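This is data.txt. It holds compact mmCIF, C-alpha atoms and all ligand atoms.
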# COMPACT_ATOMS: atom_id res chain seq x y z
CA MET E 1 114.17 106.36 102.55
CA ARG E 2 111.97 104.09 100.50
CA ILE E 3 108.28 104.71 100.04
CA LEU E 4 105.54 102.59 98.54
CA MET E 5 102.62 104.45 97.05
CA VAL E 6 99.49 102.48 96.23
CA GLU E 7 97.27 104.74 94.17
CA ASP E 8 95.18 104.01 91.12
CA GLU E 9 94.88 107.57 89.87
CA ALA E 10 97.86 107.51 87.54
CA ALA E 11 98.29 111.27 87.20
CA LEU E 12 98.16 111.86 90.95
CA ALA E 13 100.51 108.96 91.59
CA GLU E 14 103.01 110.31 89.07
CA THR E 15 102.86 113.84 90.49
CA VAL E 16 103.47 112.59 94.02
CA ARG E 17 106.15 110.17 92.89
CA ARG E 18 108.04 112.93 91.08
CA GLY E 19 107.67 115.31 94.01
CA LEU E 20 108.87 112.80 96.60
CA SER E 21 111.78 111.76 94.36
CA ASN E 22 112.84 115.41 94.24
CA GLU E 23 112.78 115.38 98.03
CA GLY E 24 115.22 112.47 98.02
CA PHE E 25 112.84 109.57 98.56
CA VAL E 26 112.88 106.39 96.50
CA VAL E 27 109.29 105.73 95.47
CA ASP E 28 107.67 102.56 94.16
CA VAL E 29 104.17 102.97 92.76
CA MET E 30 101.53 100.25 92.54
CA HIS E 31 98.15 100.88 91.00
CA ASP E 32 95.93 98.31 92.68
CA GLY E 33 95.50 96.74 96.10
CA VAL E 34 96.73 93.27 95.23
CA SER E 35 100.06 94.37 93.75
CA GLY E 36 100.37 96.95 96.53
CA LEU E 37 100.00 94.24 99.17
CA SER E 38 102.54 92.02 97.39
CA ALA E 39 105.06 94.84 97.13
CA ALA E 40 104.58 95.77 100.79
CA THR E 41 105.01 92.13 101.84
CA GLU E 42 108.05 91.40 99.71
CA ASN E 43 110.01 94.61 100.14
CA SER E 44 110.92 96.79 103.05
CA TYR E 45 109.59 100.36 103.08
CA ASP E 46 109.88 103.24 105.51
CA VAL E 47 106.37 104.50 104.81
CA ILE E 48 103.42 103.28 102.77
CA LEU E 49 101.01 105.76 101.18
CA LEU E 50 97.80 103.87 100.73
CA ASP E 51 94.80 105.07 98.78
CA LEU E 52 91.45 103.91 100.13
CA MET E 53 89.48 103.15 96.99
CA LEU E 54 91.62 100.83 94.89
CA PRO E 55 90.92 98.23 92.22
CA LEU E 56 91.07 94.52 93.18
CA LYS E 57 91.49 95.13 96.92
CA ASN E 58 90.62 98.31 98.81
CA GLY E 59 93.03 100.13 101.08
CA TYR E 60 91.38 98.92 104.26
CA ASP E 61 91.77 95.30 103.27
CA VAL E 62 95.37 95.90 102.23
CA LEU E 63 96.08 97.52 105.60
CA ARG E 64 94.34 94.79 107.56
CA GLU E 65 96.23 92.07 105.72
CA LEU E 66 99.53 93.86 106.18
CA ARG E 67 99.02 94.05 109.94
CA ALA E 68 97.84 90.44 110.01
CA ARG E 69 101.16 89.54 108.41
CA SER E 70 102.92 91.51 111.14
CA ILE E 71 104.14 94.17 108.75
CA TRP E 72 104.25 97.28 110.90
CA THR E 73 105.48 99.80 108.34
CA PRO E 74 103.84 103.17 109.04
CA VAL E 75 100.85 103.68 106.76
CA LEU E 76 99.49 107.03 105.69
CA MET E 77 95.99 106.54 104.34
CA LEU E 78 94.73 108.74 101.52
CA THR E 79 90.98 109.17 101.81
CA ALA E 80 88.41 110.93 99.66
CA LYS E 81 86.45 113.70 101.35
CA ASP E 82 83.02 112.09 101.33
CA GLY E 83 84.16 108.52 101.32
CA GLU E 84 82.32 105.60 102.77
CA TYR E 85 84.89 105.40 105.57
CA ASP E 86 86.41 108.06 107.75
CA GLU E 87 89.62 108.61 109.58
CA THR E 88 88.36 106.80 112.66
CA ASP E 89 88.08 103.62 110.63
CA ALA E 90 91.57 104.23 109.30
CA PHE E 91 93.03 104.49 112.79
CA ASP E 92 91.03 101.51 114.04
CA LEU E 93 92.53 99.41 111.31
CA GLY E 94 96.05 100.38 112.16
CA ALA E 95 96.77 103.35 109.89
CA ASP E 96 99.25 105.77 111.45
CA ASP E 97 97.99 108.92 109.79
CA TYR E 98 95.61 109.97 107.06
CA LEU E 99 95.22 112.76 104.55
CA THR E 100 92.01 113.78 102.87
CA LYS E 101 92.13 114.36 99.12
CA PRO E 102 92.85 116.79 97.63
CA PHE E 103 95.91 117.40 99.79
CA SER E 104 98.79 119.83 99.58
CA PHE E 105 102.06 118.27 98.55
CA LEU E 106 103.93 120.18 101.26
CA VAL E 107 101.62 118.75 103.90
CA LEU E 108 102.13 115.28 102.49
CA VAL E 109 105.92 115.60 102.67
CA ALA E 110 105.72 116.89 106.25
CA ARG E 111 103.52 113.95 107.28
CA VAL E 112 105.77 111.44 105.55
CA ARG E 113 108.84 112.83 107.30
CA ALA E 114 107.01 112.70 110.65
CA LEU E 115 106.15 109.03 110.08
CA VAL E 116 109.71 108.20 109.10
CA ARG E 117 110.94 109.82 112.31
CA ARG E 118 108.36 107.98 114.40
CA GLY E 119 109.20 104.60 112.85
CA ALA E 120 107.13 101.45 113.10
CA PRO E 121 104.45 102.02 115.75
CA GLU E 122 103.95 98.64 117.32
CA ARG E 123 106.30 96.23 118.92
CA PRO E 124 104.57 92.87 118.84
CA VAL E 125 105.86 90.15 121.10
CA VAL E 126 108.36 87.55 120.05
CA LEU E 127 106.64 84.25 119.22
CA THR E 128 108.15 81.28 121.02
CA LEU E 129 107.62 77.55 120.57
CA GLY E 130 110.07 75.31 122.41
CA THR E 131 113.52 76.50 121.36
CA LEU E 132 112.17 78.21 118.24
CA THR E 133 111.64 81.97 118.37
CA LEU E 134 110.37 84.45 115.79
CA ASP E 135 110.72 88.18 116.29
CA PRO E 136 108.17 90.00 114.09
CA VAL E 137 109.96 93.34 114.49
CA THR E 138 113.36 92.28 113.25
CA ARG E 139 111.92 89.34 111.29
CA THR E 140 114.55 87.16 112.93
CA VAL E 141 114.06 83.43 113.47
CA ARG E 142 116.22 81.41 115.84
CA ARG E 143 116.48 77.85 117.07
CA GLY E 144 118.22 78.17 120.41
CA ASP E 145 121.15 80.48 119.74
CA SER E 146 121.31 79.81 116.00
CA THR E 147 119.83 82.37 113.63
CA ILE E 148 117.95 80.80 110.73
CA GLY E 149 117.85 82.58 107.38
CA LEU E 150 114.43 82.33 105.75
CA THR E 151 112.99 83.75 102.55
CA ALA E 152 110.00 86.08 102.88
CA ARG E 153 107.62 83.27 101.98
CA GLU E 154 109.17 80.77 104.38
CA TYR E 155 109.03 83.40 107.09
CA GLY E 156 105.34 84.10 106.42
CA LEU E 157 104.58 80.39 106.49
CA LEU E 158 106.47 79.83 109.74
CA GLN E 159 104.82 82.82 111.38
CA TYR E 160 101.39 81.50 110.46
CA LEU E 161 102.23 78.00 111.74
CA MET E 162 103.62 79.40 114.99
CA ARG E 163 100.42 81.33 115.57
CA ARG E 164 98.48 78.11 115.04
CA HIS E 165 100.90 75.83 116.87
CA ASP E 166 99.64 72.47 118.11
CA GLN E 167 96.73 72.63 115.69
CA VAL E 168 96.46 70.78 112.41
CA VAL E 169 96.40 73.36 109.62
CA SER E 170 95.19 72.40 106.15
CA LYS E 171 96.90 73.26 102.89
CA SER E 172 94.02 75.50 101.87
CA GLU E 173 94.13 77.42 105.17
CA ILE E 174 97.83 77.96 104.62
CA LEU E 175 97.30 79.06 101.03
CA ASP E 176 94.59 81.53 102.07
CA ASN E 177 96.68 83.05 104.82
CA VAL E 178 100.21 82.99 103.53
CA TRP E 179 99.91 83.27 99.77
CA ASP E 180 98.58 86.26 97.92
CA PRO E 181 94.91 85.90 96.94
CA ALA E 182 95.97 86.40 93.31
CA PHE E 183 98.08 83.23 93.49
CA ASP E 184 96.46 80.67 91.22
CA GLY E 185 98.94 77.80 91.31
CA GLY E 186 98.05 74.48 92.93
CA ASP E 187 98.30 73.76 96.65
CA ASN E 188 101.37 71.57 96.04
CA VAL E 189 103.38 74.72 96.57
CA VAL E 190 102.50 74.46 100.27
CA GLU E 191 104.11 71.03 100.49
CA VAL E 192 107.20 72.33 98.77
CA TYR E 193 107.56 75.19 101.24
CA ILE E 194 106.87 72.94 104.22
CA GLY E 195 109.82 70.89 102.97
CA TYR E 196 112.02 74.00 102.73
CA LEU E 197 111.07 74.98 106.28
CA ARG E 198 111.81 71.54 107.71
CA ARG E 199 115.26 71.64 106.17
CA LYS E 200 115.90 74.91 107.96
CA ILE E 201 114.10 74.78 111.31
CA ASP E 202 114.21 71.04 112.09
CA ALA E 203 116.75 68.92 110.21
CA PRO E 204 119.93 70.80 111.22
CA PHE E 205 118.89 70.57 114.88
CA GLY E 206 117.88 66.91 114.98
CA VAL E 207 114.27 67.72 115.85
CA GLN E 208 111.02 67.06 114.06
CA THR E 209 108.54 69.73 115.07
CA LEU E 210 106.81 70.25 111.74
CA VAL E 211 104.99 67.06 110.85
CA THR E 212 102.57 66.01 108.14
CA VAL E 213 99.22 64.71 109.31
CA ARG E 214 98.29 62.60 106.34
CA GLY E 215 95.17 63.71 104.52
CA MET E 216 94.65 66.63 106.91
CA GLY E 217 97.54 69.02 106.84
CA TYR E 218 100.48 70.03 108.96
CA LEU E 219 101.20 70.35 112.64
CA LEU E 220 103.88 72.46 114.26
CA SER E 221 104.61 71.74 117.88
CA ALA E 222 107.34 72.21 120.46
CA ASP E 223 110.61 70.33 120.20
CA ARG E 224 110.65 66.64 119.98
CA SER E 225 113.55 64.47 118.86
CA ALA E 226 113.61 63.28 115.24
CA ALA E 227 113.27 59.64 116.41
CA ALA E 228 110.18 60.35 118.50
CA GLY E 229 108.71 62.47 115.72
CA ALA E 230 109.21 59.71 113.18
CA SER E 231 107.35 57.15 115.24
CA GLN E 232 104.51 59.59 115.79
CA GLN E 233 104.31 60.25 112.06
CA ARG E 234 104.11 56.53 111.28
CA GLY E 235 101.21 56.26 113.67
CA ALA E 236 99.33 59.15 112.00
CA CA V 301 91.45 105.56 94.26
Would you mind writing the file's structure down as structure tokens?
Ligand code: CA
Amino acid sequence: MRILMVEDEAALAETVRRGLSNEGFVVDVMHDGVSGLSAATENSYDVILLDLMLPLKNGYDVLRELRARSIWTPVLMLTAKDGEYDETDAFDLGADDYLTKPFSFLVLVARVRALVRRGAPERPVVLTLGTLTLDPVTRTVRRGDSTIGLTAREYGLLQYLMRRHDQVVSKSEILDNVWDPAFDGGDNVVEVYIGYLRRKIDAPFGVQTLVTVRGMGYLLSADRSAAAGASQQRGA
């Protein structure tokens, strides 16, 4: 069982990490919201312990962005007693449980085990576009009967484009929604990843569904043959 703890109070984080390790859990600790969100996006955890007040990005924003990225890992929110938010907010935003600080370690372990048993709470629908399908639960992408292996970033990009299918999406919209806010490279990275995706979701199948709309962005639509796609792109 692998747990991510996002907690900026170093002493508390270390105490909990040591305690959970003794209980047989593997625990990764991040000390701010941005690195917590990255870790939760890039790795697979059974439970996330998420502090509310965090440097760089607070726990609510981390949780919201996780759910927006279709990461349904159970989240146990750690809240301060007289915080600005309460447990109702936590549940509204998609937390699965919460604990008010200071909490008993035994209670924490019991709650973590309960969340592990319960598993991911939501089963979002499979996204479909023509013969392309994306299952957010299993993170599986298929074209027809063929399973397509994508990296985490390619998957995030495809998921975003599928949600916005048949709309032109700009590079900056893609950067804002798919890349971490801390990313400070240029937007050329988007073009690079669009290329990677095309080589995986289109080229092997003789279709051209992900096209460049010059000067505006990218457009993902239902299947169309490579020949038809090429003539459309020339016209754009
Ligand atoms: Ca804190």
**Nearest-residue call for ligand CA 301 (chain V), choices E:Asp51, E:Asp202, E:Glu154, E:Asp32, using only C-alpha atoms and all ligand atoms** =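 Of the candidates, the smallest distance to ligand CA 301 (chain V) is held by E:Asp51.
Across the model, the gap from atom CA of Leu129 of chain E to atom CA of Ser170 of chain E is 19.7 Å.
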**Item:** All residues 12 Å or closer to Met1 of chain E, only C-alpha atoms, same chain fewer than 5 positions away omitted, as an MDAnalysis selection string
**Value:** chainID E and resid 20:21 23:28 44:48 112:113 115:117 119
**Message:** Using only C-alpha atoms, which protein or nucleic acid residues come within 6 Å of His31 of chain E? Drop anything in the same chain fewer than 5 positions from it, and give the result as JSON, numbers by chain.
**Reply:** {"E": [6, 7, 8]}
**Request:** Return the single residue from E:Arg67, E:His165, E:Arg18, E:Lys101 that is closest to ligand CA 301 (chain V), with distances computed using only C-alpha atoms and all ligand atoms.
**Result:**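 Closest to ligand CA 301 (chain V) of all the choices is E:Lys101.
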**Message:** Distance cut-off 10 Å, centre (92.7, 101.9, 98.6) in file coordinates, counting all atoms listed in the file: which residues qualify? Return them as number ranges by chain.
**Reply:** E: 6-8, 31-33, 36, 49-63, 77-79
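When all atoms listed in the file are used to measure the gap to Met5 of chain E, the shortest distance among E:Ala39, E:Arg163, E:Ala114, E:Trp179 belongs to E:Ala39.
With distances taken over all atoms listed in the file, E:Trp72 is the one residue among E:Gly206, E:Trp72, E:Leu175, E:Ala182 lying closest to Arg139 of chain E.
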**Prompt:** What does the distance from atom CA of ligand CA 301 (chain V) to atom CA of Leu12 of chain E come to in Å, to one decimal?
**Reply:**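 Going from atom CA of ligand CA 301 (chain V) over to atom CA of Leu12 of chain E covers 9.8 Å.
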**Request:** Go through E:Val107, E:Val178, E:Val169, E:Leu99 one by one, measure the shortest atom-to-atom distance of each to Leu157 of chain E using only C-alpha atoms, and give the residue with the smallest value.
**Result:**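 That would be E:Val178, the residue with the smallest distance to Leu157 of chain E.
If you measure from each of E:Ala95, E:Leu106, E:Ala80, E:Met162 to Val126 of chain E using all atoms listed in the file, the closest one turns out to be E:Met162.
For the pair atom CA of Arg64 of chain E and atom CA of Phe105 of chain E, the interatomic distance is 26.3 Å.
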Pull the closest atom pair for each residue of segment 200-229 of chain E that gets at most 10 Å from segment 185-195 of chain E, along with the distance in Å to one decimal, counting all atoms listed in the file, ordering rows by chain and then ascending residue number, as JSON lines.
{"residue": "E:Lys200", "atom": "CA", "partner": "E:Gly195", "partner_atom": "CA", "distance": 8.8}
{"residue": "E:Leu210", "atom": "CA", "partner": "E:Ile194", "partner_atom": "CA", "distance": 8.0}
{"residue": "E:Val211", "atom": "CA", "partner": "E:Ile194", "partner_atom": "CA", "distance": 9.1}
{"residue": "E:Thr212", "atom": "CA", "partner": "E:Ile194", "partner_atom": "CA", "distance": 9.0}
{"residue": "E:Gly217", "atom": "CA", "partner": "E:Glu191", "partner_atom": "CA", "distance": 9.4}
{"residue": "E:Tyr218", "atom": "CA", "partner": "E:Ile194", "partner_atom": "CA", "distance": 8.5}
